[in-house]
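Q: You'll find coords-v2.txt just under this line, and it carries compact mmCIF, C-alpha atoms and all ligand atoms.
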# COMPACT_ATOMS: atom_id res chain seq x y z
CA MET B 1 -49.69 -5.30 69.60
CA LYS B 2 -52.48 -5.26 72.19
CA VAL B 3 -51.45 -5.30 75.81
CA LEU B 4 -53.78 -5.60 78.81
CA VAL B 5 -52.37 -4.38 82.14
CA TRP B 6 -54.33 -5.77 85.08
CA ASP B 7 -54.07 -5.32 88.82
CA ASP B 8 -56.18 -6.13 91.88
CA ASP B 9 -56.44 -2.69 93.59
CA SER B 10 -55.28 -4.41 96.80
CA TYR B 11 -52.92 -1.50 97.62
CA LEU B 12 -55.71 1.11 97.96
CA ASN B 13 -55.51 0.89 101.78
CA ASN B 14 -51.86 1.98 101.66
CA PRO B 15 -51.53 5.82 101.32
CA ALA B 16 -47.85 5.51 100.32
CA ALA B 17 -48.83 3.25 97.42
CA ILE B 18 -51.49 5.72 96.28
CA ASP B 19 -48.92 8.55 96.46
CA MET B 20 -46.56 6.48 94.32
CA HIS B 21 -49.27 5.37 91.86
CA PRO B 22 -52.02 8.04 91.89
CA ASN B 23 -53.92 6.27 89.08
CA GLY B 24 -53.10 2.77 90.23
CA ILE B 25 -50.17 0.48 89.49
CA ARG B 26 -51.83 -0.68 86.24
CA ASN B 27 -51.83 2.90 84.89
CA THR B 28 -48.23 3.58 85.98
CA ILE B 29 -47.24 0.58 83.86
CA ALA B 30 -49.64 1.39 81.01
CA ASN B 31 -48.25 4.92 80.77
CA PHE B 32 -44.68 3.89 80.05
CA LEU B 33 -45.73 1.12 77.64
CA LYS B 34 -47.88 3.27 75.40
CA CYS B 35 -46.22 3.92 72.03
CA ASP B 36 -46.97 3.61 68.31
CA ASP B 37 -46.46 -0.15 68.35
CA ILE B 38 -48.33 -0.94 71.55
CA GLU B 39 -52.01 -0.37 72.25
CA VAL B 40 -52.54 -0.57 76.00
CA THR B 41 -55.74 -1.09 77.96
CA THR B 42 -56.18 -1.69 81.67
CA ALA B 43 -58.47 -3.84 83.78
CA VAL B 44 -58.98 -4.49 87.47
CA LEU B 45 -60.19 -7.36 89.65
CA SER B 46 -63.53 -5.63 90.31
CA ASP B 47 -64.41 -5.50 86.58
CA GLU B 48 -66.86 -7.92 84.97
CA ASP B 49 -65.35 -11.44 85.09
CA CYS B 50 -62.42 -9.92 87.02
CA GLY B 51 -61.50 -8.06 83.80
CA PHE B 52 -61.02 -11.29 81.86
CA THR B 53 -64.05 -11.64 79.59
CA GLU B 54 -63.68 -13.96 76.61
CA GLU B 55 -63.92 -10.94 74.26
CA VAL B 56 -61.11 -9.09 76.04
CA LEU B 57 -58.83 -12.13 76.11
CA ARG B 58 -59.39 -12.94 72.43
CA GLU B 59 -58.11 -9.46 71.57
CA THR B 60 -55.14 -9.51 73.94
CA ASP B 61 -51.62 -10.35 72.73
CA VAL B 62 -49.87 -9.93 76.08
CA LEU B 63 -51.39 -9.82 79.57
CA ILE B 64 -49.48 -8.14 82.41
CA ILE B 65 -50.65 -8.94 85.95
CA TRP B 66 -49.82 -7.35 89.30
CA SER B 67 -51.67 -8.63 92.35
CA HIS B 68 -51.27 -9.25 96.05
CA GLY B 69 -54.42 -9.24 98.21
CA GLY B 70 -56.43 -10.47 95.23
CA ASN B 71 -54.15 -13.38 94.37
CA GLU B 72 -56.74 -15.91 95.52
CA LYS B 73 -59.84 -13.98 94.45
CA ILE B 74 -60.21 -14.94 90.78
CA PRO B 75 -62.83 -17.72 90.57
CA ASP B 76 -61.56 -21.02 89.16
CA PRO B 77 -63.56 -20.92 85.88
CA ILE B 78 -62.00 -17.52 85.07
CA VAL B 79 -58.52 -18.74 86.00
CA GLU B 80 -59.15 -21.66 83.61
CA ARG B 81 -60.21 -19.23 80.86
CA VAL B 82 -57.06 -17.10 81.18
CA TRP B 83 -54.88 -20.23 81.43
CA THR B 84 -56.46 -21.59 78.22
CA HIS B 85 -55.71 -18.33 76.39
CA ILE B 86 -52.08 -18.47 77.52
CA LEU B 87 -51.72 -22.07 76.34
CA GLY B 88 -53.29 -20.90 73.06
CA GLY B 89 -50.61 -18.26 72.52
CA MET B 90 -51.34 -15.17 74.65
CA GLY B 91 -48.19 -13.90 76.40
CA LEU B 92 -48.10 -13.39 80.18
CA ILE B 93 -45.92 -11.10 82.28
CA ALA B 94 -46.39 -11.79 85.99
CA LEU B 95 -45.05 -9.03 88.23
CA HIS B 96 -43.84 -9.10 91.82
CA SER B 97 -46.40 -10.56 94.27
CA SER B 98 -48.41 -12.15 91.48
CA HIS B 99 -46.04 -15.09 91.96
CA PHE B 100 -48.94 -16.28 94.17
CA ASN B 101 -51.72 -15.36 91.73
CA LYS B 102 -53.87 -18.42 90.95
CA ILE B 103 -53.21 -17.95 87.22
CA PHE B 104 -49.43 -18.05 87.66
CA ARG B 105 -49.54 -20.96 90.11
CA LYS B 106 -51.72 -23.01 87.75
CA LEU B 107 -49.20 -22.41 84.98
CA MET B 108 -46.24 -23.37 87.16
CA GLY B 109 -47.86 -26.32 88.95
CA THR B 110 -45.64 -25.73 91.99
CA SER B 111 -45.91 -23.86 95.30
CA CYS B 112 -44.33 -20.58 94.04
CA THR B 113 -43.26 -19.87 97.64
CA LEU B 114 -40.34 -17.60 98.55
CA LYS B 115 -38.83 -15.68 101.44
CA TRP B 116 -39.73 -12.00 101.93
CA ARG B 117 -38.89 -8.97 104.05
CA MET B 118 -39.89 -5.31 103.75
CA ASN B 119 -37.96 -2.79 101.70
CA VAL B 120 -34.17 -3.06 101.49
CA LYS B 121 -31.66 -2.21 98.78
CA GLU B 122 -31.68 -4.59 95.81
CA ARG B 123 -28.97 -4.94 93.18
CA LEU B 124 -30.06 -6.60 89.95
CA TRP B 125 -27.70 -8.36 87.55
CA THR B 126 -28.36 -9.03 83.87
CA ILE B 127 -26.96 -12.52 83.38
CA ALA B 128 -28.27 -13.25 79.86
CA PRO B 129 -27.19 -10.12 77.93
CA ASN B 130 -27.98 -11.65 74.54
CA HIS B 131 -31.63 -12.34 75.37
CA PRO B 132 -34.25 -10.05 73.71
CA ILE B 133 -35.60 -9.02 77.13
CA ALA B 134 -32.15 -7.78 78.20
CA GLN B 135 -31.53 -5.48 75.22
CA GLY B 136 -30.50 -1.98 76.32
CA VAL B 137 -30.54 -2.99 79.99
CA ASP B 138 -27.52 -2.17 82.16
CA GLU B 139 -25.40 -5.11 83.27
CA THR B 140 -26.18 -4.19 86.86
CA PHE B 141 -28.33 -1.56 88.55
CA ALA B 142 -29.64 -0.88 92.04
CA LEU B 143 -33.08 -0.18 93.48
CA GLU B 144 -32.67 1.75 96.72
CA ALA B 145 -35.84 0.26 98.23
CA GLU B 146 -37.42 -3.00 97.15
CA GLU B 147 -39.18 -5.79 99.00
CA MET B 148 -36.72 -8.63 99.52
CA TYR B 149 -37.72 -11.83 97.76
CA GLY B 150 -35.35 -14.69 98.59
CA GLU B 151 -34.60 -18.21 97.42
CA PRO B 152 -35.65 -20.92 97.42
CA PHE B 153 -38.33 -19.78 94.94
CA GLY B 154 -40.82 -22.62 94.46
CA ILE B 155 -40.95 -22.60 90.68
CA PRO B 156 -40.15 -25.35 88.17
CA ASN B 157 -36.79 -24.87 86.44
CA PRO B 158 -37.28 -21.85 84.15
CA ASP B 159 -36.44 -21.99 80.44
CA GLU B 160 -33.97 -19.20 81.17
CA VAL B 161 -32.96 -17.04 84.13
CA LEU B 162 -32.24 -13.56 82.76
CA PHE B 163 -31.86 -11.43 85.90
CA LEU B 164 -30.56 -12.20 89.38
CA GLY B 165 -31.39 -10.07 92.41
CA TRP B 166 -29.11 -9.57 95.41
CA PHE B 167 -30.52 -7.95 98.54
CA ALA B 168 -28.85 -6.12 101.40
CA GLY B 169 -29.10 -8.80 104.04
CA GLY B 170 -27.42 -11.36 101.83
CA GLU B 171 -30.35 -13.05 100.06
CA VAL B 172 -30.43 -13.78 96.33
CA PHE B 173 -33.35 -14.40 93.97
CA ARG B 174 -34.05 -15.50 90.39
CA SER B 175 -35.67 -12.13 89.64
CA GLY B 176 -36.39 -12.51 85.92
CA CYS B 177 -37.32 -15.93 84.53
CA THR B 178 -38.89 -17.16 81.29
CA PHE B 179 -41.19 -20.14 80.83
CA THR B 180 -43.07 -21.65 77.91
CA ARG B 181 -46.43 -23.32 78.42
CA GLU B 182 -47.65 -24.91 75.19
CA ASN B 183 -47.97 -21.92 72.79
CA GLY B 184 -47.64 -19.21 75.45
CA LYS B 185 -44.54 -17.33 76.53
CA ILE B 186 -44.33 -16.29 80.17
CA PHE B 187 -41.99 -13.88 81.95
CA TYR B 188 -41.92 -13.56 85.73
CA PHE B 189 -40.27 -10.36 87.05
CA GLN B 190 -39.77 -9.71 90.77
CA PRO B 191 -39.42 -5.92 91.35
CA GLY B 192 -42.41 -3.70 92.07
CA HIS B 193 -43.63 -3.63 95.66
CA GLU B 194 -46.68 -1.38 95.81
CA ASP B 195 -45.19 1.69 97.51
CA ASN B 196 -41.75 1.85 95.95
CA ALA B 197 -40.52 3.40 92.72
CA ALA B 198 -39.44 0.32 90.74
CA TYR B 199 -41.82 0.99 87.84
CA TYR B 200 -40.32 4.48 87.37
CA ASN B 201 -36.80 3.05 86.96
CA GLU B 202 -35.52 3.22 83.36
CA ASN B 203 -34.02 -0.27 83.38
CA ILE B 204 -37.19 -1.80 84.84
CA GLN B 205 -39.32 -0.04 82.21
CA LYS B 206 -36.98 -1.26 79.47
CA ILE B 207 -37.20 -4.84 80.73
CA ILE B 208 -41.01 -4.82 80.83
CA LYS B 209 -41.23 -3.23 77.36
CA ASN B 210 -38.81 -5.78 75.96
CA ALA B 211 -40.76 -8.57 77.66
CA VAL B 212 -43.99 -7.42 75.99
CA LYS B 213 -42.34 -7.63 72.57
CA TRP B 214 -40.78 -11.01 73.39
CA ALA B 215 -44.02 -12.52 74.71
CA CYS B 216 -46.19 -11.23 71.84
CA PRO B 217 -47.44 -14.27 69.93
CA LEU B 218 -47.09 -14.75 66.18
CA ARG B 219 -50.42 -16.62 66.46
CA LYS B 220 -52.90 -16.42 69.30
CA ASN B 221 -56.27 -18.07 70.01
CA ILE B 222 -54.86 -21.40 68.84
CA VAL B 223 -57.60 -23.98 69.44
CA LEU B 224 -56.68 -26.66 71.96
CA ASP B 225 -58.89 -29.59 71.08
CA CYS B 226 -58.39 -33.31 70.83
CA PRO B 227 -60.07 -34.52 67.61
CA LEU B 228 -60.21 -38.01 66.14
CA GLN B 229 -57.82 -37.85 63.18
CA GLU B 230 -58.69 -39.81 60.05
CA PRO B 231 -55.63 -41.02 58.09
CA LEU B 232 -54.37 -38.69 55.35
CA GLU B 233 -52.63 -41.50 53.43
CA GLN B 234 -54.11 -44.95 52.54
ZN ZN F 301 -44.80 -6.58 97.68
Go ahead and express the file in the form of structure tokens.
A:
Amino acid sequence: MKVLVWDDDSYLNNPAAIDMHPNGIRNTIANFLKCDDIEVTTAVLSDEDCGFTEEVLRETDVLIIWSHGGNEKIPDPIVERVWTHILGGMGLIALHSSHFNKIFRKLMGTSCTLKWRMNVKERLWTIAPNHPIAQGVDETFALEAEEMYGEPFGIPNPDEVLFLGWFAGGEVFRSGCTFTRENGKIFYFQPGHEDNAAYYNENIQKIIKNAVKWACPLRKNIVLDCPLQEPLEQ
């Protein structure tokens, strides 16, 4: 399984984020994913073609994206290229503020808006315990500091809502949602503001690992063309 973890480096002006992720958010995530079954590489917005060359995408089973300041910075032809690979089977895990990433918004076709407020306590609930992404995850667990994301979340109805978030302050959020777009499986997961410890939490790591396995395609690079079909039977 080949996983590409991508971020936009937009947190480099925040010393607390650098303290939390000395090698960048993408490497914090890559480090807990690495195992015998998963080959992990990383890329960043400033790489050639924003890290999304055709060669890289052809090799990738599951793409994980984290972005904030760079959400709007991927040029449209590259967004189209990534989108095409997802429709052709590549899995996508969109984390936290990448709800506004152009790739995710193109896949959803909706505003992807939400409410937000800086770090408060979040309690997550696993509401689909039989789903592959929820295996080994506690029924409920708390993050002492997480950015509040509140409903209404401007997404189309998900295939499934797996995790609900409750925030001190009273807000709730569909924190873990699955979608299918043509041949591609997509998981959106809310935790992970740049300067908090979400990606060091055991349950969060378990969820992202499970999501990689779930989103991994049986077939990728499926060609999406529209040929004239001659009849097979006379
Ligand atoms: Zn954030």
Q: Restricting the calculation to all atoms listed in the file, which member of B:Asp138, B:Glu54, B:Asp159, B:Asp195 is positioned closest to Glu80 (chain B)?
A: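 Comparing B:Asp138, B:Glu54, B:Asp159, B:Asp195 against Glu80 (chain B), the winner is B:Glu54.
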Q: From the options B:Val82, B:Ile65, B:Ala168, B:Ile133, which residue's atoms come nearest to Lys209 (chain B), counting only C-alpha atoms?
A: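 Answer, going by the shortest atom-to-atom distance: B:Ile133.
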Q: Let me have all residues with an atom within 7 Å of ligand ZN 301 (chain F), counting only C-alpha atoms and all ligand atoms, laid out as a ChimeraX atom specification.
A: /B:96-97,147,192-194
Q: Rounded to one decimal in Å, what is the spacing between CA of Ile155 (chain B) and CA of Val137 (chain B)?
A: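 Those two atoms sit 24.6 Å apart.
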Q: Which of these residues is nearest to His68 (chain B), using all atoms listed in the file: B:Glu48, B:Asp9, B:Cys35, B:Gly109?
A: B:Asp9
Q: So which residues fall inside 10 Å of (-39.0, -11.6, 71.6) if we count only C-alpha atoms? Mind giving them as a PyMOL selection string?
A: chain B and resi 131-133+185+210-217
Q: CA of Thr178 (chain B) and CA of Met20 (chain B) are how many Å apart?
A: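 One can read the CA of Thr178 (chain B) to CA of Met20 (chain B) distance as 28.1 Å.
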Q: Can region 155-169 of chain B be brought up to N, CA and C atoms and written out as a PDB file, in the coordinates of the input?
A:
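Everything below was put into selection.pdb:
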ATOM      1  N   ILE B 155     -40.531 -22.532  92.089  1.00  0.00           N
ATOM      2  CA  ILE B 155     -40.950 -22.600  90.680  1.00  0.00           C
ATOM      3  C   ILE B 155     -40.285 -23.824  90.031  1.00  0.00           C
ATOM      4  N   PRO B 156     -40.882 -24.335  88.941  1.00  0.00           N
ATOM      5  CA  PRO B 156     -40.150 -25.350  88.170  1.00  0.00           C
ATOM      6  C   PRO B 156     -38.938 -24.690  87.514  1.00  0.00           C
ATOM      7  N   ASN B 157     -37.953 -25.467  87.097  1.00  0.00           N
ATOM      8  CA  ASN B 157     -36.790 -24.870  86.440  1.00  0.00           C
ATOM      9  C   ASN B 157     -37.243 -24.005  85.270  1.00  0.00           C
ATOM     10  N   PRO B 158     -36.871 -22.713  85.264  1.00  0.00           N
ATOM     11  CA  PRO B 158     -37.280 -21.850  84.150  1.00  0.00           C
ATOM     12  C   PRO B 158     -36.591 -22.264  82.845  1.00  0.00           C
ATOM     13  N   ASP B 159     -37.168 -21.827  81.713  1.00  0.00           N
ATOM     14  CA  ASP B 159     -36.440 -21.990  80.440  1.00  0.00           C
ATOM     15  C   ASP B 159     -35.116 -21.256  80.534  1.00  0.00           C
ATOM     16  N   GLU B 160     -35.185 -19.996  81.010  1.00  0.00           N
ATOM     17  CA  GLU B 160     -33.970 -19.200  81.170  1.00  0.00           C
ATOM     18  C   GLU B 160     -34.117 -18.276  82.379  1.00  0.00           C
ATOM     19  N   VAL B 161     -33.018 -18.069  83.085  1.00  0.00           N
ATOM     20  CA  VAL B 161     -32.960 -17.040  84.130  1.00  0.00           C
ATOM     21  C   VAL B 161     -32.203 -15.870  83.522  1.00  0.00           C
ATOM     22  N   LEU B 162     -32.852 -14.709  83.440  1.00  0.00           N
ATOM     23  CA  LEU B 162     -32.240 -13.560  82.760  1.00  0.00           C
ATOM     24  C   LEU B 162     -31.664 -12.551  83.739  1.00  0.00           C
ATOM     25  N   PHE B 163     -32.283 -12.431  84.922  1.00  0.00           N
ATOM     26  CA  PHE B 163     -31.860 -11.430  85.900  1.00  0.00           C
ATOM     27  C   PHE B 163     -31.787 -12.091  87.286  1.00  0.00           C
ATOM     28  N   LEU B 164     -30.718 -11.743  87.998  1.00  0.00           N
ATOM     29  CA  LEU B 164     -30.560 -12.200  89.380  1.00  0.00           C
ATOM     30  C   LEU B 164     -30.654 -10.983  90.291  1.00  0.00           C
ATOM     31  N   GLY B 165     -31.314 -11.143  91.421  1.00  0.00           N
ATOM     32  CA  GLY B 165     -31.390 -10.070  92.410  1.00  0.00           C
ATOM     33  C   GLY B 165     -30.563 -10.428  93.638  1.00  0.00           C
ATOM     34  N   TRP B 166     -29.809  -9.438  94.140  1.00  0.00           N
ATOM     35  CA  TRP B 166     -29.110  -9.570  95.410  1.00  0.00           C
ATOM     36  C   TRP B 166     -29.675  -8.504  96.347  1.00  0.00           C
ATOM     37  N   PHE B 167     -29.912  -8.880  97.598  1.00  0.00           N
ATOM     38  CA  PHE B 167     -30.520  -7.950  98.540  1.00  0.00           C
ATOM     39  C   PHE B 167     -29.584  -7.688  99.713  1.00  0.00           C
ATOM     40  N   ALA B 168     -29.593  -6.435 100.175  1.00  0.00           N
ATOM     41  CA  ALA B 168     -28.850  -6.120 101.400  1.00  0.00           C
ATOM     42  C   ALA B 168     -29.453  -6.994 102.489  1.00  0.00           C
ATOM     43  N   GLY B 169     -28.626  -7.764 103.139  1.00  0.00           N
ATOM     44  CA  GLY B 169     -29.100  -8.800 104.040  1.00  0.00           C
ATOM     45  C   GLY B 169     -28.556 -10.140 103.593  1.00  0.00           C
TER      46      GLY B 169
END
